[in-house]
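Inspection log for the structure reproduced underneath, given as structure tokens.
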There are 2 protein chains.
Amino acid sequence: MADSARPARPARRRYGLRPTMKDVAARAGVGLKTVSRVVNGEPGVTPDTERRVQEAITALGFRRNDSARILRKGRTSSIGLVLEDLADPFYAPLSRAVEEVARAHGALLINGSSAEDEERERELVLALCARRVDGLVIIPAGADHRYLEPEIAAGVATVFVDRPAARIEADAVLSRSFEGAREGVAHLIAHGHRRIGFIGDLPRIHTAAERLRGYRAAMAEAGLPVDESWVALGPTHPERVRADAERMVEGRGSAAAPVTALLTGNNRVTVTVVRVPAVRERRVALVGFDDFELADLLTPPVTVIAQEPALLGRKAAELLFRRLEGADDAPRRVELPTRLIPRGSGEIPPRS
Amino acid sequence: MADSARPARPARRRYGLRPTMKDVAARAGVGLKTVSRVVNGEPGVTPDTERRVQEAITALGFRRNDSARILRKGRTSSIGLVLEDLADPFYAPLSRAVEEVARAHGALLINGSSAEDEERERELVLALCARRVDGLVIIPAGADHRYLEPEIAAGVATVFVDRPAARIEADAVLSRSFEGAREGVAHLIAHGHRRIGFIGDLPRIHTAAERLRGYRAAMAEAGLPVDESWVALGPTHPERVRADAERMVEGRGSAAAPVTALLTGNNRVTVTVVRVPAVRERRVALVGFDDFELADLLTPPVTVIAQEPALLGRKAAELLFRRLEGADDAPRRVELPTRLIPRGSGEIPPRS
DNA sequence: CCCATTTCTGACAACGTTGTCCACTCTCTT
DNA sequence: AAGAGAGTGGACAACGTTGTCAGAAATGGG
């Protein structure tokens, strides 16, 4: 009898034939609430009753239905993460860090990739809100986040990472892109370069814009002119990036002389540019935004402006849980420093 | 009046002050079910009524509570993914592929990292079951998955990827690790190597065991003896891996002669081994399991046995959704081929 | 041995949604 | 003008859980 898996009860219509607390109660011969108490470890149940209930739970294979629990309690103990691409080596550790913090707070992580598509981001975020996630961590793709206002007003804590929110006030955890890019370019200038190119991501992306600004600032501070053929922003497809890099290095399409050094705007751009012959043959210097695995083993080893993606994620998640625990001071903007790591490619002197 | 955000109604006690369909109905002056109809795009609502309801929805910032919907409907339209480490470059694309398939089926993805910890895997999986995910994709860390039996019996579709389930029957999507490793070792043997080392992951991990088996098979087929000092399985910490690699290359700790070539058991091991001086100086040949970014730009370029992580993920997710759509034939095991990509490091001849 | 307390237990309502089913209002036909 | 039929709208129960509250049983003291 102990091994008869199903109780003598009309078949359930739900797909799962899942036993409920009611079934457990019936089998153990106790009240519904007593089962609830046992399941949740609440006090006030005699050891004997508890044992009977536990037996019934095991025999039926009962597992509490969290949907019902969530409905009743109003909190889901889950947070949402929306980013561009889970598989990007920059975002993967960020995501993992968010997960670890969530786990430490007993929350599950629901995540989705926006693929840098504004509409898809919106859909995802709203789907997460409909699930009533307690909070959201967002690497925004869109240019307008006012659609989030009702959600935030309704109590969904929201933290933006890597890029700030557009047109609303919200917490944000960012890297100092402007300063990082400026430092990278200054590094190249210090090694004698005067004609430096910048290849970055789509200009609508905040970090791309900031890094371009940093590039221009460093050039201006050194009193160097910038020929517009030295700046190329666009999607990070390898074809586009490679074409722009080769064009700049060869000085095609412009009256200006070719560049002697390049600043690349993120890790995707950098790993494409390292394949350009001029880089491999050390005919141009290179500084890349974002560190990446094996950068130090390439020929030449790649000088980078490193961010800490895991730290970005951790800080963002911690800020989120601070909010969930009730902190309601003004939205804050956390900025993390970048770190220039000279490895060789940035220290190549300009060719005469 | 149109901008008074809250309806004249006693304050809600839930944290979110979320309006419900009832609130919308009251504001629009219609019945509850009519609101439901509008929200779900069901027919039977006059354009005028629909407009009134839509206005109320916008004015109140209503968003349907999916917890309640899920409770009522019995399906969550979400699937769970449990893997070792979301940030591992091998698993990240796998995860992304699962996400894409889920998205195509209108499902959300909830995921978690097990950190190769059996207990943590169990906790995660059961938490996902409590959330009543419709299905699970698991890269198992544990050595016994019988704890999943009640869940599977209750209708949670489950597909294992990369490694098979232990002690239960379940769908699995795998790479041909045995054949891949055998091919890699055969490749080295074809280039004249007779003393080949294998550095792999923990022996309890299925893929590690299979690859070791493939290594042994290839050696045996060539009539080559295997000195046990040439085999090192263990955690993929860089320190451990580097120590084992250097030991084998130098022939320390054994009467046998040093190895002239190495097979590395996964991408984590490979990226550590490429830093070993003997590899960089081409004193030993190297074939690595798993392709990885920039492998072709290293010195020497790394010959690999490539798997397709994204394909693994896609196949697994597709199989899962086939199950969710009702397919209930016997559990199947899908095996995907690996592909040897010669790049240089595997074609180095043995030193005299 | 009885009453007062404490401990344990269970009935019931609520969470916000959807499915069922019935009632109502039109419009059109005869 | 009345009846049929289509087209709308709404009352109500149910999903599985938890919080409230009151009743029952057990304990202890006089």
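Residues are referred to by chain and number: the chain letter is A, B, ... according to the order shown in the structure tokens, the number counts from 1 in that chain, and ligands are numbered separately from 1 in the order shown.
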*Skip Ile348 (chain B) itself and residues of its chain fewer than 6 positions away, then list as a ChimeraX atom specification all residues within 8 Å of it, counting only C-alpha atoms (C1' of nucleotides).*
/B:191,282,284-285
*asked:* If the cut-off is 7 Å, can you tell me the residues of chain B near chain A, counting only C-alpha atoms? I'd like them as a PyMOL selection string.
replied: chain B and resi 14-18+61+63-68+70-71+74+86-87+89+92-93+96+109-111+130-132+150+154-155+297-298
Would you put the residues from that selection into a file with N, CA and C atoms, as a compact mmCIF listing (two decimals), in the first residue's frame?
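Final output, selection_17.txt:
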# COMPACT_ATOMS: atom_id res chain seq x y z
N ARG B 14 -1.05 44.72 -1.04
CA ARG B 14 0.11 44.17 -1.74
C ARG B 14 1.12 45.26 -2.00
N TYR B 15 2.37 44.87 -2.03
CA TYR B 15 3.45 45.84 -2.18
C TYR B 15 3.28 46.73 -3.39
N GLY B 16 2.73 46.17 -4.44
CA GLY B 16 2.80 46.88 -5.71
C GLY B 16 1.68 47.87 -5.94
N LEU B 17 0.64 47.84 -5.12
CA LEU B 17 -0.50 48.68 -5.40
C LEU B 17 -0.96 48.46 -6.84
N ARG B 18 -0.85 47.23 -7.26
CA ARG B 18 -1.17 46.91 -8.64
C ARG B 18 -2.67 46.92 -8.88
N GLY B 61 -2.60 51.81 -15.63
CA GLY B 61 -1.32 51.10 -15.78
C GLY B 61 -1.47 49.63 -15.44
N ARG B 63 -1.44 45.71 -15.69
CA ARG B 63 -0.75 44.63 -16.41
C ARG B 63 -1.21 43.30 -15.83
N ARG B 64 -1.62 42.41 -16.69
CA ARG B 64 -2.15 41.14 -16.22
C ARG B 64 -1.17 40.41 -15.31
N ASN B 65 -1.66 39.84 -14.25
CA ASN B 65 -0.84 39.09 -13.31
C ASN B 65 -0.71 37.65 -13.81
N ASP B 66 0.46 37.33 -14.34
CA ASP B 66 0.64 36.00 -14.90
C ASP B 66 0.66 34.89 -13.86
N SER B 67 0.94 35.24 -12.62
CA SER B 67 0.90 34.21 -11.58
C SER B 67 -0.50 33.65 -11.48
N ALA B 68 -1.46 34.54 -11.45
CA ALA B 68 -2.85 34.09 -11.36
C ALA B 68 -3.24 33.33 -12.62
N ILE B 70 -1.31 31.68 -14.62
CA ILE B 70 -0.65 30.38 -14.61
C ILE B 70 -1.39 29.42 -13.70
N LEU B 71 -1.75 29.92 -12.54
CA LEU B 71 -2.46 29.07 -11.57
C LEU B 71 -3.74 28.53 -12.21
N GLY B 74 -2.66 26.33 -15.61
CA GLY B 74 -1.90 25.10 -15.41
C GLY B 74 -0.61 24.99 -16.19
N LEU B 86 27.10 29.50 -16.48
CA LEU B 86 26.56 30.32 -17.56
C LEU B 86 27.67 31.09 -18.26
N ALA B 87 28.74 31.36 -17.56
CA ALA B 87 29.78 32.22 -18.12
C ALA B 87 30.84 31.44 -18.88
N PRO B 89 32.53 29.83 -21.85
CA PRO B 89 32.31 30.10 -23.27
C PRO B 89 31.74 28.91 -24.04
N ALA B 92 27.74 29.19 -22.79
CA ALA B 92 27.00 30.42 -23.09
C ALA B 92 26.23 30.33 -24.41
N PRO B 93 26.86 29.87 -25.49
CA PRO B 93 26.09 29.77 -26.73
C PRO B 93 25.02 28.69 -26.67
N ARG B 96 22.19 30.32 -25.02
CA ARG B 96 21.56 31.27 -25.92
C ARG B 96 20.67 30.56 -26.93
N LEU B 109 12.74 31.76 -20.31
CA LEU B 109 13.78 30.86 -19.84
C LEU B 109 14.21 31.27 -18.43
N ILE B 110 14.19 30.30 -17.53
CA ILE B 110 14.69 30.54 -16.19
C ILE B 110 15.94 29.70 -16.05
N ASN B 111 17.06 30.29 -15.70
CA ASN B 111 18.23 29.43 -15.64
C ASN B 111 19.08 29.63 -14.41
N ALA B 130 9.01 23.45 -8.65
CA ALA B 130 8.01 24.10 -7.80
C ALA B 130 7.39 25.28 -8.53
N ARG B 131 8.18 25.90 -9.39
CA ARG B 131 7.63 26.98 -10.20
C ARG B 131 6.77 26.44 -11.32
N ARG B 132 6.76 25.15 -11.42
CA ARG B 132 5.99 24.47 -12.46
C ARG B 132 6.43 24.87 -13.87
N PRO B 150 9.57 11.58 -9.72
CA PRO B 150 8.20 12.07 -9.51
C PRO B 150 7.87 13.26 -10.41
N ALA B 154 5.03 13.45 -13.20
CA ALA B 154 4.00 14.48 -13.10
C ALA B 154 3.90 15.32 -14.35
N GLY B 155 4.76 15.04 -15.32
CA GLY B 155 4.59 15.72 -16.60
C GLY B 155 5.61 16.78 -16.94
N LEU B 297 44.59 32.14 -33.92
CA LEU B 297 45.56 33.24 -33.89
C LEU B 297 46.67 33.03 -32.88
N LEU B 298 46.60 31.93 -32.16
CA LEU B 298 47.65 31.69 -31.17
C LEU B 298 48.90 31.17 -31.86
*Pull out every residue of chain D that has at least one atom within 12 Å of chain A, counting only C-alpha atoms (C1' of nucleotides), and report them as a VMD selection string.*
chain D and resid 15 to 20 26
Residues as selected, N, CA and C atoms (P, O5', C5', C4', C3', O3' and C1' of nucleotides), written as a compact mmCIF listing (two decimals), in the first residue's frame, can you do that?
# COMPACT_ATOMS: atom_id res chain seq x y z
P DC D 15 -10.49 23.10 -8.59
O5' DC D 15 -9.12 23.82 -8.99
C5' DC D 15 -8.65 23.86 -10.32
C4' DC D 15 -7.49 24.81 -10.36
C3' DC D 15 -6.56 24.68 -9.15
O3' DC D 15 -5.50 23.80 -9.49
C1' DC D 15 -7.01 26.98 -9.72
P DG D 16 -5.16 22.55 -8.52
O5' DG D 16 -4.29 23.26 -7.39
C5' DG D 16 -3.00 23.73 -7.72
C4' DG D 16 -2.45 24.54 -6.57
C3' DG D 16 -2.35 23.77 -5.25
O3' DG D 16 -1.10 24.07 -4.67
C1' DG D 16 -3.57 25.76 -4.94
P DT D 17 -0.57 23.38 -3.35
O5' DT D 17 -0.45 24.63 -2.39
C5' DT D 17 0.53 25.61 -2.64
C4' DT D 17 0.08 26.97 -2.15
C3' DT D 17 0.16 27.19 -0.65
O3' DT D 17 1.46 27.71 -0.36
C1' DT D 17 -1.79 28.21 -1.63
P DT D 18 1.90 27.77 1.17
O5' DT D 18 1.10 29.05 1.70
C5' DT D 18 1.52 30.35 1.31
C4' DT D 18 0.63 31.38 1.98
C3' DT D 18 0.80 31.46 3.50
O3' DT D 18 0.82 32.84 3.83
C1' DT D 18 -1.46 31.07 2.98
P DG D 19 1.31 33.33 5.24
O5' DG D 19 -0.02 33.98 5.83
C5' DG D 19 -0.55 35.15 5.22
C4' DG D 19 -1.82 35.57 5.94
C3' DG D 19 -1.68 35.67 7.46
O3' DG D 19 -2.37 36.85 7.90
C1' DG D 19 -3.38 34.10 6.91
P DT D 20 -2.47 37.18 9.44
O5' DT D 20 -3.97 36.77 9.80
C5' DT D 20 -5.03 37.10 8.90
C4' DT D 20 -6.35 36.65 9.48
C3' DT D 20 -6.46 36.75 11.01
O3' DT D 20 -7.74 37.29 11.32
C1' DT D 20 -6.96 34.54 10.32
P DA D 26 -5.92 14.45 23.29
O5' DA D 26 -4.84 15.24 24.14
C5' DA D 26 -3.77 15.87 23.45
C4' DA D 26 -3.09 16.83 24.38
C3' DA D 26 -2.63 16.23 25.71
O3' DA D 26 -1.28 16.58 25.90
C1' DA D 26 -3.85 18.21 26.10
Closest atom pairs, chain C residues within 9 Å of chain A, only C-alpha atoms (C1' of nucleotides), as JSON lines:
{"residue": "C:DT7", "atom": "C1'", "partner": "A:Gly44", "partner_atom": "CA", "distance": 7.2}
{"residue": "C:DC8", "atom": "C1'", "partner": "A:Gly44", "partner_atom": "CA", "distance": 6.0}
{"residue": "C:DT9", "atom": "C1'", "partner": "A:Thr34", "partner_atom": "CA", "distance": 7.0}
{"residue": "C:DG10", "atom": "C1'", "partner": "A:Gly31", "partner_atom": "CA", "distance": 5.2}
{"residue": "C:DA11", "atom": "C1'", "partner": "A:Gly31", "partner_atom": "CA", "distance": 9.0}
{"residue": "C:DA14", "atom": "C1'", "partner": "A:Arg72", "partner_atom": "CA", "distance": 8.0}
{"residue": "C:DC15", "atom": "C1'", "partner": "A:Arg72", "partner_atom": "CA", "distance": 4.5}
{"residue": "C:DG16", "atom": "C1'", "partner": "A:Leu71", "partner_atom": "CA", "distance": 7.5}
_Contacts of His105 (chain A) within 8 Å, only C-alpha atoms (C1' of nucleotides), excl. fewer than 3 positions in-chain, as a PyMOL selection string_ = chain A and resi 101-102+321
*Straight-line distance linking CA of Ser114 (chain A) with CA of Ile205 (chain A), stated in Å to one decimal*: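 Between CA of Ser114 (chain A) and CA of Ile205 (chain A) the gap is 13.5 Å.
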Quick one: pick out all helix (DSSP H, G or I) residues within region 103-330 of chain B from a backbone DSSP run and write them as an mmCIF file with C-alpha atoms, in the first residue's frame.
data_model
loop_
_atom_site.group_PDB
_atom_site.id
_atom_site.type_symbol
_atom_site.label_atom_id
_atom_site.label_comp_id
_atom_site.auth_asym_id
_atom_site.auth_seq_id
_atom_site.Cartn_x
_atom_site.Cartn_y
_atom_site.Cartn_z
ATOM 1 C CA ARG B 103 11.340 32.398 -27.484
ATOM 2 C CA ALA B 104 10.103 30.932 -30.749
ATOM 3 C CA GLU B 118 25.365 17.928 -7.103
ATOM 4 C CA GLU B 119 23.365 19.337 -4.226
ATOM 5 C CA ARG B 120 23.080 22.736 -5.835
ATOM 6 C CA GLU B 121 21.824 21.156 -9.025
ATOM 7 C CA ARG B 122 19.151 19.313 -7.113
ATOM 8 C CA GLU B 123 18.005 22.421 -5.292
ATOM 9 C CA LEU B 124 17.820 24.388 -8.498
ATOM 10 C CA VAL B 125 15.943 21.726 -10.390
ATOM 11 C CA LEU B 126 13.424 21.276 -7.624
ATOM 12 C CA ALA B 127 12.943 25.016 -7.288
ATOM 13 C CA LEU B 128 12.185 25.122 -10.995
ATOM 14 C CA CYS B 129 9.740 22.262 -10.610
ATOM 15 C CA ALA B 130 8.009 24.099 -7.797
ATOM 16 C CA ARG B 146 16.216 9.475 -9.489
ATOM 17 C CA TYR B 147 15.028 12.453 -7.496
ATOM 18 C CA LEU B 148 13.520 13.637 -10.785
ATOM 19 C CA GLU B 149 11.273 10.631 -11.213
ATOM 20 C CA PRO B 150 8.202 12.072 -9.509
ATOM 21 C CA GLU B 151 8.611 15.272 -11.476
ATOM 22 C CA ILE B 152 8.876 13.507 -14.784
ATOM 23 C CA ALA B 153 5.927 11.310 -13.881
ATOM 24 C CA SER B 177 33.066 12.515 -27.145
ATOM 25 C CA PHE B 178 34.513 9.052 -27.491
ATOM 26 C CA GLU B 179 34.871 9.264 -31.258
ATOM 27 C CA GLY B 180 36.116 12.818 -31.094
ATOM 28 C CA ALA B 181 38.864 12.040 -28.651
ATOM 29 C CA ARG B 182 39.819 8.947 -30.565
ATOM 30 C CA GLU B 183 40.077 10.943 -33.760
ATOM 31 C CA GLY B 184 42.172 13.602 -32.042
ATOM 32 C CA VAL B 185 44.614 11.070 -30.678
ATOM 33 C CA ALA B 186 44.728 9.225 -33.996
ATOM 34 C CA HIS B 187 45.626 12.534 -35.605
ATOM 35 C CA LEU B 188 48.578 12.928 -33.268
ATOM 36 C CA ILE B 189 49.628 9.332 -33.848
ATOM 37 C CA ALA B 190 49.452 9.903 -37.595
ATOM 38 C CA HIS B 206 30.562 11.721 -18.356
ATOM 39 C CA THR B 207 32.307 13.635 -21.123
ATOM 40 C CA ALA B 208 35.631 13.405 -19.328
ATOM 41 C CA ALA B 209 35.255 9.653 -18.955
ATOM 42 C CA GLU B 210 34.226 9.215 -22.578
ATOM 43 C CA ARG B 211 37.105 11.254 -23.867
ATOM 44 C CA LEU B 212 39.513 9.271 -21.770
ATOM 45 C CA ARG B 213 37.998 6.126 -23.203
ATOM 46 C CA GLY B 214 38.488 7.512 -26.698
ATOM 47 C CA TYR B 215 42.080 8.337 -25.886
ATOM 48 C CA ARG B 216 42.738 4.825 -24.652
ATOM 49 C CA ALA B 217 40.988 3.289 -27.634
ATOM 50 C CA ALA B 218 43.108 5.219 -30.109
ATOM 51 C CA MET B 219 46.294 4.292 -28.294
ATOM 52 C CA ALA B 220 45.282 0.648 -28.143
ATOM 53 C CA GLU B 221 44.321 0.573 -31.800
ATOM 54 C CA GLU B 228 49.508 6.042 -16.233
ATOM 55 C CA SER B 229 51.549 9.175 -15.610
ATOM 56 C CA TRP B 230 50.290 10.365 -18.981
ATOM 57 C CA PRO B 238 44.573 26.474 -13.964
ATOM 58 C CA GLU B 239 47.098 25.510 -11.262
ATOM 59 C CA ARG B 240 46.255 21.827 -11.375
ATOM 60 C CA VAL B 241 46.145 21.713 -15.133
ATOM 61 C CA ARG B 242 49.394 23.584 -15.597
ATOM 62 C CA ALA B 243 51.179 21.400 -13.088
ATOM 63 C CA ASP B 244 49.997 18.220 -14.770
ATOM 64 C CA ALA B 245 50.935 19.483 -18.217
ATOM 65 C CA GLU B 246 54.416 20.500 -17.147
ATOM 66 C CA ARG B 247 54.935 17.249 -15.321
ATOM 67 C CA MET B 248 54.011 15.194 -18.363
ATOM 68 C CA VAL B 249 56.089 17.235 -20.729
ATOM 69 C CA GLU B 250 59.136 16.971 -18.525
ATOM 70 C CA ASN B 267 38.179 24.346 -23.554
ATOM 71 C CA ARG B 268 39.035 25.343 -19.986
ATOM 72 C CA VAL B 269 41.916 22.916 -19.922
ATOM 73 C CA THR B 270 43.095 23.921 -23.362
ATOM 74 C CA VAL B 271 43.312 27.641 -22.659
ATOM 75 C CA THR B 272 45.455 26.861 -19.657
ATOM 76 C CA VAL B 273 47.719 24.453 -21.499
ATOM 77 C CA PRO B 277 56.090 27.174 -22.434
ATOM 78 C CA ALA B 278 56.629 23.791 -24.067
ATOM 79 C CA VAL B 279 53.432 24.325 -26.055
ATOM 80 C CA ARG B 280 54.250 27.884 -27.028
ATOM 81 C CA ALA B 295 42.398 29.506 -31.347
ATOM 82 C CA ASP B 296 43.601 30.126 -34.886
ATOM 83 C CA LEU B 297 45.556 33.244 -33.892
ATOM 84 C CA PRO B 309 27.439 24.069 -28.449
ATOM 85 C CA ALA B 310 24.696 26.109 -30.070
ATOM 86 C CA LEU B 311 23.517 23.077 -31.992
ATOM 87 C CA LEU B 312 23.492 20.971 -28.843
ATOM 88 C CA GLY B 313 21.324 23.577 -27.181
ATOM 89 C CA ARG B 314 19.020 23.944 -30.129
ATOM 90 C CA LYS B 315 18.505 20.209 -30.561
ATOM 91 C CA ALA B 316 17.831 19.770 -26.877
ATOM 92 C CA ALA B 317 15.310 22.583 -26.769
ATOM 93 C CA GLU B 318 13.591 21.345 -29.904
ATOM 94 C CA LEU B 319 13.326 17.884 -28.451
ATOM 95 C CA LEU B 320 11.899 19.390 -25.296
ATOM 96 C CA PHE B 321 9.199 21.246 -27.163
ATOM 97 C CA ARG B 322 8.394 18.158 -29.175
ATOM 98 C CA ARG B 323 7.702 16.460 -25.865
ATOM 99 C CA LEU B 324 5.638 19.382 -24.661
#
*asked:* I'd like the contact shell of Arg27 (chain B) - 7 Å cut-off, only C-alpha atoms (C1' of nucleotides), skipping same-chain residues fewer than 3 positions apart - returned as a VMD selection string.
replied: chain B and resid 23 to 24 56
*Please identify all polymer residues within 9 Å of Arg194 (chain A), counting only C-alpha atoms (C1' of nucleotides), omitting same-chain residues fewer than 6 positions from it, and present them as a count of residues only.*
9
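The coordinates place CA of Gly288 (chain A) at 19.8 Å from CA of Arg204 (chain A).
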*Once DSSP has gone over the backbone, tell me which residues of region 38-222 of chain A are in strand (DSSP E), as a PyMOL selection string.*
chain A and resi 78-83+108-113+135-138+157-161+171-175+196-200
_Contacts of Val159 (chain B) at 7 Å (only C-alpha atoms (C1' of nucleotides); same-chain gap of 6+ positions) as a list in words_ = Leu136, Val137, Ile138, Ala170, Asp171, Ala172, Ala316 and Leu320 of chain B
Generate the output file for the selected residues, C-alpha atoms, as a PDB file, in the first residue's frame.
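Result saved to part22.pdb:
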ATOM      1  CA  LEU B 136      13.709  21.314 -18.105  1.00  0.00           C
ATOM      2  CA  VAL B 137      16.965  21.290 -19.987  1.00  0.00           C
ATOM      3  CA  ILE B 138      19.723  19.978 -17.753  1.00  0.00           C
ATOM      4  CA  ALA B 170      15.562  10.343 -20.193  1.00  0.00           C
ATOM      5  CA  ASP B 171      16.155  12.147 -23.450  1.00  0.00           C
ATOM      6  CA  ALA B 172      19.728  13.218 -24.010  1.00  0.00           C
ATOM      7  CA  ALA B 316      17.831  19.770 -26.877  1.00  0.00           C
ATOM      8  CA  LEU B 320      11.899  19.390 -25.296  1.00  0.00           C
TER       9      LEU B 320
END
*For the atom pair C1' of DT17 (chain C) and C1' of DA14 (chain D), what is the interatomic distance in Å to one decimal place?*
10.2 Å
